[in-house]
Every structure is written in C-alpha cells, then in structure tokens.
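Student: Sending over final-v2.txt (compact mmCIF, N, CA and C atoms).
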# COMPACT_ATOMS: atom_id res chain seq x y z
N GLY A 1 7.91 -1.59 -11.11
CA GLY A 1 9.34 -1.57 -11.08
C GLY A 1 9.94 -0.80 -12.25
N TYR A 2 9.40 -1.02 -13.45
CA TYR A 2 9.98 -0.39 -14.64
C TYR A 2 9.82 1.13 -14.59
N VAL A 3 8.61 1.60 -14.27
CA VAL A 3 8.36 3.04 -14.24
C VAL A 3 9.25 3.71 -13.19
N LEU A 4 9.30 3.14 -12.01
CA LEU A 4 10.12 3.70 -10.94
C LEU A 4 11.58 3.75 -11.34
N GLN A 5 12.09 2.65 -11.86
CA GLN A 5 13.51 2.60 -12.22
C GLN A 5 13.85 3.58 -13.34
N THR A 6 12.99 3.64 -14.35
CA THR A 6 13.25 4.52 -15.48
C THR A 6 13.21 5.99 -15.06
N LEU A 7 12.16 6.37 -14.33
CA LEU A 7 12.06 7.76 -13.89
C LEU A 7 13.15 8.12 -12.89
N ALA A 8 13.49 7.20 -12.00
CA ALA A 8 14.56 7.47 -11.03
C ALA A 8 15.89 7.67 -11.74
N ARG A 9 16.14 6.89 -12.77
CA ARG A 9 17.39 7.03 -13.53
C ARG A 9 17.42 8.36 -14.28
N ASP A 10 16.30 8.72 -14.90
CA ASP A 10 16.27 9.92 -15.75
C ASP A 10 16.02 11.22 -14.99
N TYR A 11 15.24 11.16 -13.90
CA TYR A 11 14.83 12.39 -13.20
C TYR A 11 15.13 12.39 -11.71
N GLY A 12 15.64 11.31 -11.19
CA GLY A 12 15.95 11.23 -9.76
C GLY A 12 14.96 10.36 -9.01
N ARG A 13 15.41 9.91 -7.86
CA ARG A 13 14.60 8.98 -7.06
C ARG A 13 13.29 9.60 -6.58
N LEU A 14 13.32 10.88 -6.23
CA LEU A 14 12.11 11.53 -5.72
C LEU A 14 11.01 11.54 -6.78
N VAL A 15 11.35 11.97 -7.99
CA VAL A 15 10.37 12.00 -9.08
C VAL A 15 9.90 10.59 -9.39
N GLY A 16 10.81 9.65 -9.49
CA GLY A 16 10.43 8.26 -9.77
C GLY A 16 9.49 7.70 -8.72
N THR A 17 9.78 7.99 -7.47
CA THR A 17 8.96 7.50 -6.37
C THR A 17 7.56 8.11 -6.39
N VAL A 18 7.48 9.42 -6.50
CA VAL A 18 6.19 10.11 -6.47
C VAL A 18 5.34 9.75 -7.68
N VAL A 19 5.92 9.73 -8.86
CA VAL A 19 5.15 9.42 -10.07
C VAL A 19 4.68 7.97 -10.05
N SER A 20 5.54 7.04 -9.67
CA SER A 20 5.12 5.63 -9.66
C SER A 20 4.05 5.40 -8.60
N ALA A 21 4.16 6.06 -7.44
CA ALA A 21 3.12 5.94 -6.41
C ALA A 21 1.81 6.55 -6.91
N GLY A 22 1.90 7.65 -7.65
CA GLY A 22 0.70 8.27 -8.22
C GLY A 22 0.02 7.36 -9.22
N ILE A 23 0.79 6.72 -10.07
CA ILE A 23 0.23 5.77 -11.04
C ILE A 23 -0.42 4.61 -10.31
N PHE A 24 0.24 4.09 -9.29
CA PHE A 24 -0.30 3.00 -8.48
C PHE A 24 -1.66 3.40 -7.90
N ALA A 25 -1.75 4.63 -7.37
CA ALA A 25 -3.00 5.11 -6.79
C ALA A 25 -4.08 5.29 -7.85
N VAL A 26 -3.73 5.86 -8.99
CA VAL A 26 -4.71 6.08 -10.06
C VAL A 26 -5.28 4.74 -10.54
N LEU A 27 -4.45 3.72 -10.64
CA LEU A 27 -4.93 2.40 -11.07
C LEU A 27 -5.96 1.83 -10.10
N HIS A 28 -5.89 2.21 -8.84
CA HIS A 28 -6.85 1.72 -7.85
C HIS A 28 -8.14 2.55 -7.83
N LEU A 29 -8.20 3.63 -8.60
CA LEU A 29 -9.42 4.44 -8.65
C LEU A 29 -10.59 3.71 -9.31
N MET A 30 -10.29 2.63 -10.01
CA MET A 30 -11.35 1.85 -10.65
C MET A 30 -12.05 0.92 -9.65
N ASN A 31 -11.50 0.78 -8.45
CA ASN A 31 -12.06 -0.13 -7.46
C ASN A 31 -13.32 0.45 -6.82
N PRO A 32 -14.22 -0.43 -6.36
CA PRO A 32 -15.43 0.07 -5.69
C PRO A 32 -15.09 0.78 -4.37
N GLY A 33 -15.90 1.74 -4.00
CA GLY A 33 -15.72 2.44 -2.74
C GLY A 33 -14.61 3.47 -2.74
N ARG A 34 -14.12 3.82 -3.90
CA ARG A 34 -13.00 4.77 -3.98
C ARG A 34 -13.41 6.12 -3.41
N SER A 35 -12.41 6.82 -2.90
CA SER A 35 -12.62 8.13 -2.29
C SER A 35 -11.29 8.86 -2.26
N VAL A 36 -11.32 10.10 -1.84
CA VAL A 36 -10.07 10.85 -1.70
C VAL A 36 -9.17 10.17 -0.66
N ALA A 37 -9.77 9.72 0.44
CA ALA A 37 -8.99 9.03 1.48
C ALA A 37 -8.39 7.74 0.94
N ALA A 38 -9.15 7.01 0.12
CA ALA A 38 -8.63 5.78 -0.48
C ALA A 38 -7.47 6.10 -1.41
N PHE A 39 -7.61 7.14 -2.22
CA PHE A 39 -6.53 7.54 -3.12
C PHE A 39 -5.28 7.88 -2.32
N LEU A 40 -5.45 8.65 -1.25
CA LEU A 40 -4.30 9.04 -0.42
C LEU A 40 -3.64 7.80 0.20
N GLY A 41 -4.45 6.90 0.73
CA GLY A 41 -3.90 5.68 1.33
C GLY A 41 -3.16 4.81 0.34
N ILE A 42 -3.71 4.67 -0.86
CA ILE A 42 -3.05 3.87 -1.89
C ILE A 42 -1.78 4.57 -2.36
N PHE A 43 -1.82 5.89 -2.44
CA PHE A 43 -0.61 6.65 -2.79
C PHE A 43 0.48 6.42 -1.74
N LEU A 44 0.11 6.47 -0.46
CA LEU A 44 1.07 6.21 0.61
C LEU A 44 1.63 4.79 0.51
N ALA A 45 0.76 3.83 0.19
CA ALA A 45 1.22 2.45 0.00
C ALA A 45 2.19 2.39 -1.18
N GLY A 46 1.90 3.13 -2.25
CA GLY A 46 2.81 3.18 -3.39
C GLY A 46 4.17 3.75 -3.01
N LEU A 47 4.17 4.77 -2.15
CA LEU A 47 5.44 5.31 -1.66
C LEU A 47 6.20 4.26 -0.85
N TYR A 48 5.47 3.52 -0.03
CA TYR A 48 6.08 2.46 0.78
C TYR A 48 6.68 1.38 -0.12
N PHE A 49 5.94 0.95 -1.13
CA PHE A 49 6.45 -0.10 -2.03
C PHE A 49 7.65 0.40 -2.83
N ALA A 50 7.62 1.68 -3.23
CA ALA A 50 8.78 2.25 -3.92
C ALA A 50 9.99 2.27 -2.99
N ALA A 51 9.77 2.65 -1.74
CA ALA A 51 10.87 2.64 -0.76
C ALA A 51 11.41 1.23 -0.58
N ALA A 52 10.51 0.25 -0.55
CA ALA A 52 10.95 -1.15 -0.40
C ALA A 52 11.87 -1.54 -1.55
N PHE A 53 11.54 -1.11 -2.74
CA PHE A 53 12.41 -1.42 -3.89
C PHE A 53 13.72 -0.65 -3.80
N LEU A 54 13.63 0.65 -3.55
CA LEU A 54 14.85 1.47 -3.54
C LEU A 54 15.80 1.07 -2.41
N LEU A 55 15.26 0.69 -1.28
CA LEU A 55 16.11 0.29 -0.15
C LEU A 55 16.74 -1.09 -0.34
N SER A 56 15.99 -1.99 -0.96
CA SER A 56 16.48 -3.36 -1.12
C SER A 56 17.20 -3.58 -2.44
N GLY A 57 16.82 -2.79 -3.46
CA GLY A 57 17.37 -3.01 -4.79
C GLY A 57 16.78 -4.25 -5.47
N ARG A 58 15.76 -4.81 -4.87
CA ARG A 58 15.13 -6.03 -5.38
C ARG A 58 13.63 -5.81 -5.53
N LEU A 59 13.07 -6.31 -6.60
CA LEU A 59 11.64 -6.16 -6.85
C LEU A 59 10.81 -7.11 -6.00
N TYR A 60 11.42 -8.22 -5.55
CA TYR A 60 10.63 -9.19 -4.79
C TYR A 60 10.09 -8.60 -3.48
N LEU A 61 10.79 -7.67 -2.86
CA LEU A 61 10.35 -7.14 -1.57
C LEU A 61 9.03 -6.37 -1.68
N PRO A 62 8.89 -5.39 -2.59
CA PRO A 62 7.59 -4.73 -2.69
C PRO A 62 6.49 -5.66 -3.19
N ILE A 63 6.83 -6.61 -4.05
CA ILE A 63 5.82 -7.57 -4.51
C ILE A 63 5.35 -8.41 -3.33
N ALA A 64 6.28 -8.90 -2.52
CA ALA A 64 5.92 -9.71 -1.35
C ALA A 64 5.12 -8.90 -0.34
N ALA A 65 5.51 -7.64 -0.13
CA ALA A 65 4.79 -6.78 0.82
C ALA A 65 3.37 -6.52 0.34
N HIS A 66 3.20 -6.27 -0.95
CA HIS A 66 1.87 -6.04 -1.53
C HIS A 66 1.02 -7.30 -1.41
N PHE A 67 1.60 -8.44 -1.74
CA PHE A 67 0.88 -9.71 -1.63
C PHE A 67 0.48 -9.97 -0.18
N ALA A 68 1.40 -9.77 0.75
CA ALA A 68 1.12 -10.03 2.16
C ALA A 68 -0.01 -9.13 2.67
N TRP A 69 0.04 -7.85 2.32
CA TRP A 69 -1.01 -6.91 2.72
C TRP A 69 -2.36 -7.37 2.19
N ASN A 70 -2.42 -7.65 0.89
CA ASN A 70 -3.69 -8.05 0.29
C ASN A 70 -4.20 -9.37 0.86
N TRP A 71 -3.32 -10.35 1.02
CA TRP A 71 -3.75 -11.67 1.48
C TRP A 71 -4.17 -11.63 2.95
N LEU A 72 -3.40 -10.94 3.78
CA LEU A 72 -3.76 -10.88 5.20
C LEU A 72 -5.09 -10.14 5.40
N LEU A 73 -5.27 -9.03 4.72
CA LEU A 73 -6.52 -8.28 4.87
C LEU A 73 -7.71 -9.06 4.35
N GLY A 74 -7.63 -9.55 3.12
CA GLY A 74 -8.78 -10.18 2.47
C GLY A 74 -8.99 -11.63 2.82
N PRO A 75 -8.26 -12.54 2.17
CA PRO A 75 -8.50 -13.97 2.38
C PRO A 75 -8.26 -14.46 3.80
N PHE A 76 -7.48 -13.75 4.60
CA PHE A 76 -7.26 -14.21 5.97
C PHE A 76 -8.22 -13.54 6.96
N PHE A 77 -8.15 -12.20 7.09
CA PHE A 77 -8.96 -11.51 8.08
C PHE A 77 -10.38 -11.18 7.62
N GLY A 78 -10.64 -11.22 6.33
CA GLY A 78 -11.98 -10.93 5.83
C GLY A 78 -12.30 -9.46 5.70
N LEU A 79 -11.29 -8.63 5.66
CA LEU A 79 -11.50 -7.19 5.48
C LEU A 79 -11.52 -6.87 3.99
N PRO A 80 -12.16 -5.78 3.60
CA PRO A 80 -12.10 -5.39 2.20
C PRO A 80 -10.67 -5.00 1.81
N VAL A 81 -10.30 -5.34 0.60
CA VAL A 81 -8.98 -4.99 0.06
C VAL A 81 -9.20 -4.04 -1.10
N SER A 82 -8.89 -2.78 -0.88
CA SER A 82 -9.09 -1.76 -1.92
C SER A 82 -10.49 -1.82 -2.50
N GLY A 83 -11.48 -1.96 -1.62
CA GLY A 83 -12.87 -1.96 -2.03
C GLY A 83 -13.43 -3.30 -2.44
N VAL A 84 -12.62 -4.34 -2.45
CA VAL A 84 -13.06 -5.66 -2.89
C VAL A 84 -13.18 -6.60 -1.68
N GLN A 85 -14.36 -7.17 -1.52
CA GLN A 85 -14.60 -8.16 -0.46
C GLN A 85 -14.41 -9.55 -1.05
N MET A 86 -13.83 -10.47 -0.29
CA MET A 86 -13.58 -11.82 -0.79
C MET A 86 -13.78 -12.83 0.33
N PRO A 87 -13.94 -14.11 -0.03
CA PRO A 87 -14.06 -15.14 1.00
C PRO A 87 -12.81 -15.16 1.87
N SER A 88 -12.99 -15.54 3.16
CA SER A 88 -11.85 -15.47 4.06
C SER A 88 -11.88 -16.58 5.11
N VAL A 89 -10.73 -16.78 5.73
CA VAL A 89 -10.58 -17.74 6.81
C VAL A 89 -11.32 -17.24 8.05
N LEU A 90 -11.13 -15.99 8.40
CA LEU A 90 -11.77 -15.37 9.56
C LEU A 90 -12.82 -14.38 9.10
N HIS A 91 -13.77 -14.11 9.96
CA HIS A 91 -14.77 -13.08 9.67
C HIS A 91 -14.53 -11.92 10.63
N THR A 92 -14.22 -10.77 10.10
CA THR A 92 -13.93 -9.59 10.91
C THR A 92 -15.00 -8.55 10.68
N THR A 93 -15.53 -8.01 11.75
CA THR A 93 -16.50 -6.92 11.65
C THR A 93 -15.79 -5.63 12.02
N VAL A 94 -15.88 -4.65 11.15
CA VAL A 94 -15.23 -3.36 11.38
C VAL A 94 -16.27 -2.39 11.92
N ALA A 95 -15.95 -1.75 13.03
CA ALA A 95 -16.84 -0.75 13.62
C ALA A 95 -16.04 0.52 13.85
N GLY A 96 -16.69 1.63 13.63
CA GLY A 96 -16.04 2.91 13.86
C GLY A 96 -16.12 3.78 12.63
N PRO A 97 -15.70 5.01 12.77
CA PRO A 97 -15.76 5.96 11.65
C PRO A 97 -14.88 5.50 10.48
N SER A 98 -15.40 5.66 9.28
CA SER A 98 -14.64 5.29 8.07
C SER A 98 -13.31 6.01 7.98
N ALA A 99 -13.25 7.24 8.50
CA ALA A 99 -11.99 7.99 8.45
C ALA A 99 -10.89 7.27 9.24
N ILE A 100 -11.29 6.51 10.24
CA ILE A 100 -10.33 5.76 11.05
C ILE A 100 -10.11 4.36 10.47
N THR A 101 -11.20 3.66 10.16
CA THR A 101 -11.12 2.25 9.76
C THR A 101 -10.91 2.03 8.26
N GLY A 102 -11.26 3.02 7.46
CA GLY A 102 -11.20 2.86 6.01
C GLY A 102 -12.53 2.43 5.42
N GLY A 103 -13.47 2.06 6.27
CA GLY A 103 -14.81 1.71 5.81
C GLY A 103 -14.84 0.57 4.81
N SER A 104 -15.70 0.70 3.82
CA SER A 104 -15.90 -0.37 2.84
C SER A 104 -14.74 -0.51 1.85
N PHE A 105 -13.83 0.44 1.83
CA PHE A 105 -12.68 0.33 0.93
C PHE A 105 -11.59 -0.53 1.55
N GLY A 106 -11.49 -0.49 2.87
CA GLY A 106 -10.46 -1.24 3.57
C GLY A 106 -9.54 -0.32 4.35
N PRO A 107 -8.69 -0.90 5.19
CA PRO A 107 -7.83 -0.10 6.07
C PRO A 107 -6.95 0.91 5.35
N GLU A 108 -6.61 0.66 4.11
CA GLU A 108 -5.74 1.59 3.39
C GLU A 108 -6.41 2.94 3.16
N ALA A 109 -7.74 3.03 3.37
CA ALA A 109 -8.45 4.30 3.20
C ALA A 109 -8.70 5.00 4.53
N GLY A 110 -8.08 4.51 5.60
CA GLY A 110 -8.30 5.09 6.91
C GLY A 110 -7.01 5.35 7.66
N VAL A 111 -7.13 6.10 8.72
CA VAL A 111 -5.98 6.49 9.52
C VAL A 111 -5.23 5.26 10.05
N LEU A 112 -5.96 4.20 10.43
CA LEU A 112 -5.28 3.00 10.94
C LEU A 112 -4.35 2.39 9.90
N GLY A 113 -4.77 2.36 8.65
CA GLY A 113 -3.91 1.85 7.58
C GLY A 113 -2.69 2.73 7.37
N TRP A 114 -2.90 4.04 7.46
CA TRP A 114 -1.78 4.97 7.29
C TRP A 114 -0.79 4.82 8.43
N ILE A 115 -1.30 4.60 9.64
CA ILE A 115 -0.42 4.38 10.79
C ILE A 115 0.37 3.09 10.60
N ALA A 116 -0.29 2.06 10.09
CA ALA A 116 0.41 0.79 9.84
C ALA A 116 1.58 0.99 8.88
N LEU A 117 1.37 1.78 7.83
CA LEU A 117 2.45 2.07 6.89
C LEU A 117 3.56 2.86 7.58
N ALA A 118 3.18 3.84 8.39
CA ALA A 118 4.18 4.67 9.08
C ALA A 118 5.01 3.84 10.06
N ILE A 119 4.37 2.90 10.73
CA ILE A 119 5.10 2.02 11.67
C ILE A 119 6.04 1.10 10.91
N ASN A 120 5.59 0.63 9.76
CA ASN A 120 6.39 -0.33 8.99
C ASN A 120 7.56 0.30 8.26
N LEU A 121 7.52 1.59 7.98
CA LEU A 121 8.61 2.21 7.24
C LEU A 121 9.95 2.12 7.97
N PRO A 122 10.03 2.47 9.26
CA PRO A 122 11.33 2.30 9.94
C PRO A 122 11.75 0.83 10.03
N LEU A 123 10.78 -0.06 10.14
CA LEU A 123 11.11 -1.49 10.15
C LEU A 123 11.69 -1.92 8.81
N LEU A 124 11.13 -1.36 7.73
CA LEU A 124 11.66 -1.63 6.39
C LEU A 124 13.09 -1.13 6.27
N VAL A 125 13.34 0.06 6.77
CA VAL A 125 14.70 0.62 6.72
C VAL A 125 15.66 -0.28 7.49
N LEU A 126 15.27 -0.71 8.67
CA LEU A 126 16.13 -1.59 9.47
C LEU A 126 16.36 -2.93 8.77
N ALA A 127 15.32 -3.48 8.19
CA ALA A 127 15.42 -4.79 7.55
C ALA A 127 16.29 -4.76 6.30
N THR A 128 16.37 -3.61 5.65
CA THR A 128 17.12 -3.54 4.39
C THR A 128 18.47 -2.86 4.55
N ARG A 129 18.79 -2.46 5.77
CA ARG A 129 20.07 -1.78 6.01
C ARG A 129 21.22 -2.69 5.60
N ARG A 130 22.07 -2.16 4.77
CA ARG A 130 23.26 -2.92 4.33
C ARG A 130 24.35 -2.75 5.37
N ARG A 131 24.94 -3.86 5.76
CA ARG A 131 25.97 -3.79 6.81
C ARG A 131 27.33 -3.82 6.22
What do you get writing this file as structure tokens?
Tutor:
Amino acid sequence: GYVLQTLARDYGRLVGTVVSAGIFAVLHLMNPGRSVAAFLGIFLAGLYFAAAFLLSGRLYLPIAAHFAWNWLLGPFFGLPVSGVQMPSVLHTTVAGPSAITGGSFGPEAGVLGWIALAINLPLLVLATRRR
C-alpha cells in the first residue's frame, strides 16, 4: 500500500501500479518453482491487487483478495501457492501442461490463473463502482 500510494502521488497511478506490481513479483522470486511464467503471473496479480486498492481506496480489499486466493488454493483445495505446498481440506491433483496449469508453482504461473485474474478484473470494477 505504501509504495503504491507514494509512487502514485509522486509519479502517477500508472507508475505506482507497475512498480508496486514489479516489487510484488520480485519478492515472490524467492519461492520454490519460480519461473518466467510465475514472475509474469505474480506481476499480473500485483496489478490486480493495485487495481483493487485504487478502485476501492481501501487497503482491506487487496489484502482480502490476496488472503482469499492463497487460502482457497492452498489450505482449501490443496494446490501449490506460489510454489509452496501445504496441508489442505481437499486433495486436488493437477494434470496437464504447466503452461496451462501453472505446474508446481501453482495456478498463478499458468494460463488458467491469468484467465482467472482477467475474469475477476471486470467484477472488481463492478463491485467497486461508486454510485
């Protein structure tokens, strides 16, 4: 929140959004299973979280969205979350090319995760539209 707000104030929303998403992605490079696709997916997620903040004006929305993504993927469905496997309620087996599924890094490193973000962006806009 701080980096995005500071850069957006000083250099504009576009710079703030891109730089904060880049930092978010770089921080995830320490995770196991990292790849160019994982970096791209995490960068896209960073753009989504920045949009959630900019559209709502509240930090709770991107925090809640990040928490929901991580919790649903890992502890609920049993999928890897940014390369980290954890105990879960359900056991999910992923089959298919890593480029589609995200492989051992998780859906955020595959086309399916990117599609999920793309589908959710218009929903985010609708949910945060000020009337």
Student: Every residue with an atom at most 8 Å from (-1.6, 8.7, -3.6) (file coordinates; only C-alpha atoms) is what I'm after, so could you write them as a list in words?
Tutor: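 Final list of nearby residues, as requested, is Ala21, Gly22, Phe24, Ala25, Val26, Phe39, Leu40, Gly41, Ile42, Phe43, Leu44, Ala45 and Gly46 of chain A.
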Student: Got time to write the residues from that selection, N, CA and C atoms, as a CSV table (one decimal), in the frame of the given file?
Tutor:
chain,number,residue,atom,x,y,z
A,21,ALA,N,4.2,6.1,-7.4
A,21,ALA,CA,3.1,5.9,-6.4
A,21,ALA,C,1.8,6.6,-6.9
A,22,GLY,N,1.9,7.6,-7.6
A,22,GLY,CA,0.7,8.3,-8.2
A,22,GLY,C,0.0,7.4,-9.2
A,24,PHE,N,0.2,4.1,-9.3
A,24,PHE,CA,-0.3,3.0,-8.5
A,24,PHE,C,-1.7,3.4,-7.9
A,25,ALA,N,-1.8,4.6,-7.4
A,25,ALA,CA,-3.0,5.1,-6.8
A,25,ALA,C,-4.1,5.3,-7.8
A,26,VAL,N,-3.7,5.9,-9.0
A,26,VAL,CA,-4.7,6.1,-10.1
A,26,VAL,C,-5.3,4.7,-10.5
A,39,PHE,N,-7.6,7.1,-2.2
A,39,PHE,CA,-6.5,7.5,-3.1
A,39,PHE,C,-5.3,7.9,-2.3
A,40,LEU,N,-5.4,8.6,-1.2
A,40,LEU,CA,-4.3,9.0,-0.4
A,40,LEU,C,-3.6,7.8,0.2
A,41,GLY,N,-4.4,6.9,0.7
A,41,GLY,CA,-3.9,5.7,1.3
A,41,GLY,C,-3.2,4.8,0.3
A,42,ILE,N,-3.7,4.7,-0.9
A,42,ILE,CA,-3.0,3.9,-1.9
A,42,ILE,C,-1.8,4.6,-2.4
A,43,PHE,N,-1.8,5.9,-2.4
A,43,PHE,CA,-0.6,6.6,-2.8
A,43,PHE,C,0.5,6.4,-1.7
A,44,LEU,N,0.1,6.5,-0.5
A,44,LEU,CA,1.1,6.2,0.6
A,44,LEU,C,1.6,4.8,0.5
A,45,ALA,N,0.8,3.8,0.2
A,45,ALA,CA,1.2,2.4,0.0
A,45,ALA,C,2.2,2.4,-1.2
A,46,GLY,N,1.9,3.1,-2.2
A,46,GLY,CA,2.8,3.2,-3.4
A,46,GLY,C,4.2,3.8,-3.0
Student: State, in Å with one decimal place, the distance from atom N of Val36 in chain A to atom N of Thr92 in chain A.
Tutor: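 Atom N of Thr92 in chain A lies 24.2 Å from atom N of Val36 in chain A.
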Student: Which residue gives the smallest distance to Ala50 in chain A among A:Tyr2, A:Phe77, A:Tyr11, A:Phe67, with only C-alpha atoms counted?
Tutor: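 Ranked by minimum distance to Ala50 in chain A, first place goes to A:Tyr2.
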Student: Would you list the residues near (15.4, 0.3, -6.1) (no more than 10 Å away, in the coordinates of the file, using only C-alpha atoms) as a PDB file with N, CA and C atoms, keeping the file's coordinate frame?
Tutor:
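Here's the written file point.pdb:
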ATOM      1  N   GLY A   1       7.910  -1.590 -11.110  1.00  0.00           N
ATOM      2  CA  GLY A   1       9.340  -1.570 -11.080  1.00  0.00           C
ATOM      3  C   GLY A   1       9.940  -0.800 -12.250  1.00  0.00           C
ATOM      4  N   LEU A   4       9.300   3.140 -12.010  1.00  0.00           N
ATOM      5  CA  LEU A   4      10.120   3.700 -10.940  1.00  0.00           C
ATOM      6  C   LEU A   4      11.580   3.750 -11.340  1.00  0.00           C
ATOM      7  N   GLN A   5      12.090   2.650 -11.860  1.00  0.00           N
ATOM      8  CA  GLN A   5      13.510   2.600 -12.220  1.00  0.00           C
ATOM      9  C   GLN A   5      13.850   3.580 -13.340  1.00  0.00           C
ATOM     10  N   ALA A   8      13.490   7.200 -12.000  1.00  0.00           N
ATOM     11  CA  ALA A   8      14.560   7.470 -11.030  1.00  0.00           C
ATOM     12  C   ALA A   8      15.890   7.670 -11.740  1.00  0.00           C
ATOM     13  N   ARG A  13      15.410   9.910  -7.860  1.00  0.00           N
ATOM     14  CA  ARG A  13      14.600   8.980  -7.060  1.00  0.00           C
ATOM     15  C   ARG A  13      13.290   9.600  -6.580  1.00  0.00           C
ATOM     16  N   THR A  17       9.780   7.990  -7.470  1.00  0.00           N
ATOM     17  CA  THR A  17       8.960   7.500  -6.370  1.00  0.00           C
ATOM     18  C   THR A  17       7.560   8.110  -6.390  1.00  0.00           C
ATOM     19  N   PHE A  49       5.940   0.950  -1.130  1.00  0.00           N
ATOM     20  CA  PHE A  49       6.450  -0.100  -2.030  1.00  0.00           C
ATOM     21  C   PHE A  49       7.650   0.400  -2.830  1.00  0.00           C
ATOM     22  N   ALA A  50       7.620   1.680  -3.230  1.00  0.00           N
ATOM     23  CA  ALA A  50       8.780   2.250  -3.920  1.00  0.00           C
ATOM     24  C   ALA A  50       9.990   2.270  -2.990  1.00  0.00           C
ATOM     25  N   ALA A  51       9.770   2.650  -1.740  1.00  0.00           N
ATOM     26  CA  ALA A  51      10.870   2.640  -0.760  1.00  0.00           C
ATOM     27  C   ALA A  51      11.410   1.230  -0.580  1.00  0.00           C
ATOM     28  N   ALA A  52      10.510   0.250  -0.550  1.00  0.00           N
ATOM     29  CA  ALA A  52      10.950  -1.150  -0.400  1.00  0.00           C
ATOM     30  C   ALA A  52      11.870  -1.540  -1.550  1.00  0.00           C
ATOM     31  N   PHE A  53      11.540  -1.110  -2.740  1.00  0.00           N
ATOM     32  CA  PHE A  53      12.410  -1.420  -3.890  1.00  0.00           C
ATOM     33  C   PHE A  53      13.720  -0.650  -3.800  1.00  0.00           C
ATOM     34  N   LEU A  54      13.630   0.650  -3.550  1.00  0.00           N
ATOM     35  CA  LEU A  54      14.850   1.470  -3.540  1.00  0.00           C
ATOM     36  C   LEU A  54      15.800   1.070  -2.410  1.00  0.00           C
ATOM     37  N   LEU A  55      15.260   0.690  -1.280  1.00  0.00           N
ATOM     38  CA  LEU A  55      16.110   0.290  -0.150  1.00  0.00           C
ATOM     39  C   LEU A  55      16.740  -1.090  -0.340  1.00  0.00           C
ATOM     40  N   SER A  56      15.990  -1.990  -0.960  1.00  0.00           N
ATOM     41  CA  SER A  56      16.480  -3.360  -1.120  1.00  0.00           C
ATOM     42  C   SER A  56      17.200  -3.580  -2.440  1.00  0.00           C
ATOM     43  N   GLY A  57      16.820  -2.790  -3.460  1.00  0.00           N
ATOM     44  CA  GLY A  57      17.370  -3.010  -4.790  1.00  0.00           C
ATOM     45  C   GLY A  57      16.780  -4.250  -5.470  1.00  0.00           C
ATOM     46  N   ARG A  58      15.760  -4.810  -4.870  1.00  0.00           N
ATOM     47  CA  ARG A  58      15.130  -6.030  -5.380  1.00  0.00           C
ATOM     48  C   ARG A  58      13.630  -5.810  -5.530  1.00  0.00           C
ATOM     49  N   LEU A  59      13.070  -6.310  -6.600  1.00  0.00           N
ATOM     50  CA  LEU A  59      11.640  -6.160  -6.850  1.00  0.00           C
ATOM     51  C   LEU A  59      10.810  -7.110  -6.000  1.00  0.00           C
ATOM     52  N   PRO A  62       8.890  -5.390  -2.590  1.00  0.00           N
ATOM     53  CA  PRO A  62       7.590  -4.730  -2.690  1.00  0.00           C
ATOM     54  C   PRO A  62       6.490  -5.660  -3.190  1.00  0.00           C
TER      55      PRO A  62
END
Student: I'd like the contact shell of range 114-121 of chain A - 8 Å cut-off, all atoms listed in the file, skipping same-chain residues fewer than 3 positions apart - returned as a PyMOL selection string.
Tutor: chain A and resi 40-41+44-45+48+100+107-111+124-127
Student: Those same residues - N, CA and C atoms - I'd like them written as a short mmCIF file (atom, residue, chain, number, x, y, z; two decimals), in the coordinates of the input.
Tutor:
data_model
loop_
_atom_site.label_atom_id
_atom_site.label_comp_id
_atom_site.auth_asym_id
_atom_site.auth_seq_id
_atom_site.Cartn_x
_atom_site.Cartn_y
_atom_site.Cartn_z
N LEU A 40 -5.45 8.65 -1.25
CA LEU A 40 -4.30 9.04 -0.42
C LEU A 40 -3.64 7.80 0.20
N GLY A 41 -4.45 6.90 0.73
CA GLY A 41 -3.90 5.68 1.33
C GLY A 41 -3.16 4.81 0.34
N LEU A 44 0.11 6.47 -0.46
CA LEU A 44 1.07 6.21 0.61
C LEU A 44 1.63 4.79 0.51
N ALA A 45 0.76 3.83 0.19
CA ALA A 45 1.22 2.45 0.00
C ALA A 45 2.19 2.39 -1.18
N TYR A 48 5.47 3.52 -0.03
CA TYR A 48 6.08 2.46 0.78
C TYR A 48 6.68 1.38 -0.12
N ILE A 100 -11.29 6.51 10.24
CA ILE A 100 -10.33 5.76 11.05
C ILE A 100 -10.11 4.36 10.47
N PRO A 107 -8.69 -0.90 5.19
CA PRO A 107 -7.83 -0.10 6.07
C PRO A 107 -6.95 0.91 5.35
N GLU A 108 -6.61 0.66 4.11
CA GLU A 108 -5.74 1.59 3.39
C GLU A 108 -6.41 2.94 3.16
N ALA A 109 -7.74 3.03 3.37
CA ALA A 109 -8.45 4.30 3.20
C ALA A 109 -8.70 5.00 4.53
N GLY A 110 -8.08 4.51 5.60
CA GLY A 110 -8.30 5.09 6.91
C GLY A 110 -7.01 5.35 7.66
N VAL A 111 -7.13 6.10 8.72
CA VAL A 111 -5.98 6.49 9.52
C VAL A 111 -5.23 5.26 10.05
N LEU A 124 11.13 -1.36 7.73
CA LEU A 124 11.66 -1.63 6.39
C LEU A 124 13.09 -1.13 6.27
N VAL A 125 13.34 0.06 6.77
CA VAL A 125 14.70 0.62 6.72
C VAL A 125 15.66 -0.28 7.49
N LEU A 126 15.27 -0.71 8.67
CA LEU A 126 16.13 -1.59 9.47
C LEU A 126 16.36 -2.93 8.77
N ALA A 127 15.32 -3.48 8.19
CA ALA A 127 15.42 -4.79 7.55
C ALA A 127 16.29 -4.76 6.30
#
Student: For the atom pair atom C of Leu112 in chain A and atom C of Val3 in chain A, what is the interatomic distance in Å to one decimal place?
Tutor: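 Rounded to one decimal, the two atoms are 26.8 Å apart.
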Student: Write out as a PyMOL selection string all residues of chain A that DSSP puts in helix (DSSP H, G or I) for this structure's backbone.
Tutor: chain A and resi 2-11+13-30+36-56+60-76+98-101+103-105+107-109+111-128
Student: Skipping near chain neighbours, those fewer than 6 positions away, what residues fall within 8 Å of range 74-76 of chain A using only C-alpha atoms, listed as a list in words?
Tutor: Gln85, Met86, Pro87, Ser88, Val89 and Leu90 of chain A
Student: List every residue of range 73-106 of chain A that has an atom at most 6 Å from any atom of range 27-35 of chain A, and for each one report the closest atom pair and its distance in Å to one decimal, counting only N, CA and C atoms, with rows sorted by chain and then by increasing residue number, as JSON lines.
Tutor:
{"residue": "A:Ser82", "atom": "C", "partner": "A:Asn31", "partner_atom": "CA", "distance": 5.5}
{"residue": "A:Gly83", "atom": "CA", "partner": "A:Pro32", "partner_atom": "C", "distance": 4.2}
{"residue": "A:Val84", "atom": "N", "partner": "A:Pro32", "partner_atom": "N", "distance": 5.8}
{"residue": "A:Ser104", "atom": "C", "partner": "A:Gly33", "partner_atom": "CA", "distance": 5.5}
{"residue": "A:Phe105", "atom": "CA", "partner": "A:Gly33", "partner_atom": "C", "distance": 5.2}
